Structures are given as C-alpha cells and as structure tokens.
$ cat target-v9.cif   # mmCIF, C-alpha atoms
data_work
#
loop_
_atom_site.group_PDB
_atom_site.id
_atom_site.type_symbol
_atom_site.label_atom_id
_atom_site.label_comp_id
_atom_site.auth_asym_id
_atom_site.auth_seq_id
_atom_site.Cartn_x
_atom_site.Cartn_y
_atom_site.Cartn_z
ATOM 1 C CA MET C 1454 -16.959 42.011 32.164
ATOM 2 C CA ASN C 1455 -14.696 42.397 29.150
ATOM 3 C CA ARG C 1456 -15.225 45.810 27.523
ATOM 4 C CA VAL C 1457 -12.784 48.268 25.934
ATOM 5 C CA VAL C 1458 -13.523 51.757 24.625
ATOM 6 C CA ILE C 1459 -10.572 53.550 23.055
ATOM 7 C CA VAL C 1460 -9.941 56.587 20.840
ATOM 8 C CA GLY C 1461 -6.875 56.970 18.658
ATOM 9 C CA ARG C 1462 -5.457 57.318 15.174
ATOM 10 C CA LEU C 1463 -4.570 54.588 12.684
ATOM 11 C CA THR C 1464 -0.836 54.083 12.274
ATOM 12 C CA LYS C 1465 -1.140 52.836 8.666
ATOM 13 C CA ASP C 1466 -3.755 52.166 5.997
ATOM 14 C CA PRO C 1467 -5.880 49.116 6.861
ATOM 15 C CA GLU C 1468 -5.729 46.147 4.491
ATOM 16 C CA LEU C 1469 -8.806 43.955 4.046
ATOM 17 C CA LYS C 1470 -8.256 40.188 3.944
ATOM 18 C CA LYS C 1471 -10.591 37.221 3.490
ATOM 19 C CA THR C 1472 -10.477 34.015 5.502
ATOM 20 C CA ALA C 1473 -10.765 30.597 3.871
ATOM 21 C CA SER C 1474 -14.466 30.600 4.791
ATOM 22 C CA GLY C 1475 -14.987 33.993 3.107
ATOM 23 C CA SER C 1476 -15.213 36.202 6.201
ATOM 24 C CA SER C 1477 -13.734 39.691 5.919
ATOM 25 C CA VAL C 1478 -11.098 40.683 8.472
ATOM 26 C CA VAL C 1479 -8.971 43.778 8.930
ATOM 27 C CA SER C 1480 -6.256 44.384 11.503
ATOM 28 C CA PHE C 1481 -4.892 47.801 12.370
ATOM 29 C CA THR C 1482 -3.025 49.541 15.141
ATOM 30 C CA LEU C 1483 -4.367 52.554 17.030
ATOM 31 C CA ALA C 1484 -1.965 55.123 18.450
ATOM 32 C CA VAL C 1485 -3.424 56.627 21.624
ATOM 33 C CA ASP C 1486 -1.972 59.773 23.178
ATOM 34 C CA SER C 1487 -0.766 59.420 26.741
ATOM 35 C CA THR C 1488 0.567 61.993 29.186
ATOM 36 C CA ARG C 1489 2.867 60.880 31.976
ATOM 37 C CA ARG C 1490 4.508 62.752 34.788
ATOM 38 C CA GLY C 1491 8.249 62.649 34.468
ATOM 39 C CA PRO C 1492 11.110 64.336 36.268
ATOM 40 C CA ASN C 1493 10.782 67.310 33.875
ATOM 41 C CA GLY C 1494 6.992 67.679 34.232
ATOM 42 C CA SER C 1495 4.407 66.240 31.865
ATOM 43 C CA GLU C 1496 5.737 64.101 29.052
ATOM 44 C CA LYS C 1497 3.618 63.177 26.060
ATOM 45 C CA SER C 1498 3.912 59.748 24.549
ATOM 46 C CA ALA C 1499 1.755 57.276 22.689
ATOM 47 C CA CYS C 1500 0.541 53.755 23.365
ATOM 48 C CA PHE C 1501 -0.097 51.405 20.455
ATOM 49 C CA PHE C 1502 -2.961 48.885 20.527
ATOM 50 C CA PRO C 1503 -3.633 46.154 17.938
ATOM 51 C CA VAL C 1504 -7.284 46.013 16.790
ATOM 52 C CA THR C 1505 -9.092 43.408 14.674
ATOM 53 C CA ALA C 1506 -12.497 43.936 13.037
ATOM 54 C CA TRP C 1507 -14.610 41.341 11.220
ATOM 55 C CA ASN C 1508 -17.195 41.142 8.425
ATOM 56 C CA ALA C 1509 -19.172 44.357 7.655
ATOM 57 C CA THR C 1510 -17.211 46.350 10.220
ATOM 58 C CA ALA C 1511 -13.937 45.231 8.609
ATOM 59 C CA GLU C 1512 -15.173 46.140 5.135
ATOM 60 C CA ASN C 1513 -16.215 49.632 6.230
ATOM 61 C CA VAL C 1514 -12.944 50.231 8.067
ATOM 62 C CA ALA C 1515 -10.972 49.222 4.960
ATOM 63 C CA ARG C 1516 -13.185 51.313 2.677
ATOM 64 C CA TYR C 1517 -13.356 54.567 4.634
ATOM 65 C CA MET C 1518 -10.322 54.752 6.914
ATOM 66 C CA LYS C 1519 -6.674 55.424 6.246
ATOM 67 C CA LYS C 1520 -3.477 56.228 8.074
ATOM 68 C CA GLY C 1521 -4.121 59.083 10.512
ATOM 69 C CA SER C 1522 -7.917 58.623 10.710
ATOM 70 C CA LYS C 1523 -9.240 59.375 14.195
ATOM 71 C CA VAL C 1524 -11.612 56.642 15.373
ATOM 72 C CA GLY C 1525 -13.322 55.342 18.464
ATOM 73 C CA VAL C 1526 -13.374 51.594 18.986
ATOM 74 C CA ASP C 1527 -15.808 49.760 21.248
ATOM 75 C CA GLY C 1528 -14.957 46.115 21.702
ATOM 76 C CA ARG C 1529 -13.424 43.463 23.906
ATOM 77 C CA LEU C 1530 -9.981 42.147 24.750
ATOM 78 C CA ASN C 1531 -8.847 38.851 23.272
ATOM 79 C CA GLN C 1532 -5.739 36.835 24.036
ATOM 80 C CA ARG C 1533 -4.405 34.291 21.570
ATOM 81 C CA SER C 1534 -1.214 32.312 21.185
ATOM 82 C CA TYR C 1535 0.626 30.905 18.194
ATOM 83 C CA GLN C 1536 3.984 29.469 17.296
ATOM 84 C CA ALA C 1537 6.223 31.779 15.244
ATOM 85 C CA LYS C 1538 8.203 30.527 12.253
ATOM 86 C CA ASP C 1539 11.347 30.422 14.390
ATOM 87 C CA GLY C 1540 9.617 28.095 16.893
ATOM 88 C CA ARG C 1541 8.957 30.661 19.625
ATOM 89 C CA ASN C 1542 5.577 30.661 21.359
ATOM 90 C CA VAL C 1543 3.990 34.095 20.961
ATOM 91 C CA SER C 1544 1.085 35.452 23.007
ATOM 92 C CA VAL C 1545 -0.911 38.420 21.668
ATOM 93 C CA ILE C 1546 -3.483 40.594 23.421
ATOM 94 C CA GLU C 1547 -5.652 42.512 20.957
ATOM 95 C CA ILE C 1548 -8.899 44.454 20.831
ATOM 96 C CA ILE C 1549 -11.721 42.814 18.867
ATOM 97 C CA ALA C 1550 -13.753 45.747 17.528
ATOM 98 C CA GLU C 1551 -17.508 45.375 17.766
ATOM 99 C CA GLN C 1552 -18.141 48.979 16.709
ATOM 100 C CA VAL C 1553 -15.897 51.540 15.058
ATOM 101 C CA GLU C 1554 -16.916 55.191 15.025
ATOM 102 C CA PHE C 1555 -15.301 57.683 12.683
ATOM 103 C CA LEU C 1556 -14.624 60.768 14.791
ATOM 104 C CA GLU C 1557 -13.836 63.279 12.081
ATOM 105 C CA PRO C 1558 -15.309 64.089 8.688
ATOM 106 C CA ARG C 1559 -14.066 62.120 5.704
ATOM 107 C CA GLY C 1560 -10.990 63.792 4.285
ATOM 108 C CA ALA C 1561 -10.366 65.887 7.422
ATOM 109 C CA ASN C 1562 -6.759 64.770 7.702
ATOM 110 C CA SER C 1563 -6.090 65.104 3.968
ATOM 111 C CA GLY C 1564 -7.046 68.745 3.457
ATOM 112 C CA SER C 1565 -10.382 68.024 1.736
ATOM 113 C CA SER C 1566 -13.320 70.354 2.402
ATOM 114 C CA TYR C 1567 -15.880 67.511 2.268
ATOM 115 C CA SER C 1568 -17.804 67.068 5.510
ATOM 116 C CA GLU C 1569 -20.200 64.427 6.795
ATOM 117 C CA PRO C 1570 -21.492 63.414 10.232
ATOM 118 C CA SER C 1571 -19.644 60.878 12.340
ATOM 119 C CA ARG C 1572 -20.715 57.293 11.581
ATOM 120 C CA THR C 1573 -20.644 54.102 13.580
ATOM 121 C CA TYR C 1574 -20.064 50.709 11.966
ATOM 122 C CA GLY C 1575 -20.505 47.380 13.682
ATOM 123 C CA ASN C 1576 -23.023 44.754 14.733
ATOM 124 C CA SER C 1577 -24.888 45.200 11.414
ATOM 125 C CA SER C 1578 -26.109 48.662 12.405
ATOM 126 C CA VAL C 1579 -24.738 51.165 9.928
ATOM 127 C CA SER C 1580 -25.960 54.680 10.547
ATOM 128 C CA SER C 1581 -25.569 56.578 7.306
ATOM 129 C CA THR C 1582 -27.733 59.557 8.205
ATOM 130 C CA PRO C 1583 -28.008 61.680 11.325
ATOM 131 C CA VAL C 1584 -30.670 60.614 13.799
ATOM 132 C CA ASP C 1585 -33.856 62.668 13.457
ATOM 133 C CA PRO C 1586 -34.529 64.147 16.922
ATOM 134 C CA GLU C 1587 -38.196 64.865 16.130
ATOM 135 C CA PRO C 1588 -40.795 62.381 17.451
ATOM 136 C CA LYS C 1589 -42.656 60.405 14.811
ATOM 137 C CA ASP C 1590 -46.460 60.481 14.440
ATOM 138 C CA GLY C 1591 -48.050 58.759 17.410
ATOM 139 C CA ASP C 1592 -44.873 59.047 19.495
ATOM 140 C CA ASP C 1593 -45.585 61.280 22.482
ATOM 141 C CA SER C 1594 -42.117 60.905 23.987
ATOM 142 C CA PRO C 1595 -39.879 63.979 23.893
ATOM 143 C CA ALA C 1596 -36.939 64.021 21.490
ATOM 144 C CA GLY C 1597 -34.017 61.999 22.789
ATOM 145 C CA GLY C 1598 -35.708 61.610 26.191
ATOM 146 C CA ILE C 1599 -35.335 65.340 26.938
ATOM 147 C CA ASP C 1600 -38.347 67.525 27.690
ATOM 148 C CA THR C 1601 -38.261 70.135 24.916
ATOM 149 C CA THR C 1602 -41.401 72.040 25.891
ATOM 150 C CA ASP C 1603 -41.029 75.775 26.587
ATOM 151 C CA ASP C 1604 -41.990 75.395 30.272
ATOM 152 C CA GLY C 1605 -39.010 75.943 32.529
ATOM 153 C CA LEU C 1606 -36.552 77.013 29.830
ATOM 154 C CA PRO C 1607 -34.360 79.947 30.966
ATOM 155 C CA PHE C 1608 -34.762 81.854 27.663
#

$ encode --input "target-v9.cif" --output "structure tokens"
Amino acid sequence: MNRVVIVGRLTKDPELKKTASGSSVVSFTLAVDSTRRGPNGSEKSACFFPVTAWNATAENVARYMKKGSKVGVDGRLNQRSYQAKDGRNVSVIEIIAEQVEFLEPRGANSGSSYSEPSRTYGNSSVSSTPVDPEPKDGDDSPAGGIDTTDDGLPF
C-alpha cells in the first residue's frame, strides 16, 4: 500500500507548467508543523514535503492557492532519480497528489471577508457546492447514512 495524507501550508505561490505533450503540472512544497520532545520540553519545528499535482488538479491548485494556503493532500509517494547539471546523481522522494482539499475559505490568510466551503480537487471530481444531506425522491436511505428520525434522540 502506498498512501499519504498530509496537511500543511504552501511555502510559496504555485507555478503552473505544461509538459511537451500538453499536460498541466504544478509542484509545490508543504510545510507541516511538527512537535518534538527536546531537552527543554516540547520544541516546535516544521517538516517540508515536495508535492506534484497533474492535469485538472494542477490547474486548480495554481488558480486558487497561494503562499500560506492551508491544504490537505491525499496521494502517494514517488521516488525518481536524475542527473544534475554538475554530474551528480540525485534521488528525490515526492508526494504525487491525487486530491487536494482547500482547508480554509478563499482569502482567509489575506484578510478578505469572502467565505466559501472547503473544496476538493482531483481525479476529475470537482465539488463546487456543498453536498445536499437531504435524500432525493425515491431514496429511502437516511441522510449521510445516519438515522435522522426523531426516535431515540435525546432532545
């Protein structure tokens, strides 16, 4: 199993690029808070993880995210190697994002008062509106799989 779920903040504005075949790609680094026990008690630090997103996910990341944006990334680890310009062999471990979820309203870290629900981008499933918890006509299942009838409610 190769699965990574991580929450952090972008360290700089993402920059969208196109491959020779026309695919969209964006690479960014997530800073993730970490607390470690040190000789003087708890010490806060950050870990930095490289992330790459492709196609529609990459386009949405480039369009809606900026330095400081808090996001959740669901993806997988990938290891690749290349030869640097100085002749050194370089090995990189990165996260390939399959889904990116914006965890704060647009403009939240820029002082804007605009607010919108959290959105997830990836695997061609863009949720632009909140999920309606009400069952549709002909759907007898309770909302979200939870029994919402009044029986047994404590109030």

$ closest_residue --input "target-v9.cif" --among "C:Arg1541, C:Lys1497, C:Arg1456, C:Arg1462" --to "Glu1554 (chain C)" --atoms "all atoms listed in the file"
C:Arg1462

$ residues_around --input "target-v9.cif" --residues "Ser1476 (chain C)" --least-positions-apart "3" --cutoff "6 Å" --atoms "only C-alpha atoms" --output "VMD selection string"
chain C and resid 1471 to 1472 1508

$ atom_distance --input "target-v9.cif" --atom1 "CA of Leu1483 (chain C)" --atom2 "CA of Glu1512 (chain C)"
17.3 Å

$ atom_distance --input "target-v9.cif" --atom1 "CA of Lys1538 (chain C)" --atom2 "CA of Ala1506 (chain C)"
24.7 Å

$ atom_distance --input "target-v9.cif" --atom1 "CA of Val1553 (chain C)" --atom2 "CA of Val1526 (chain C)"
4.7 Å
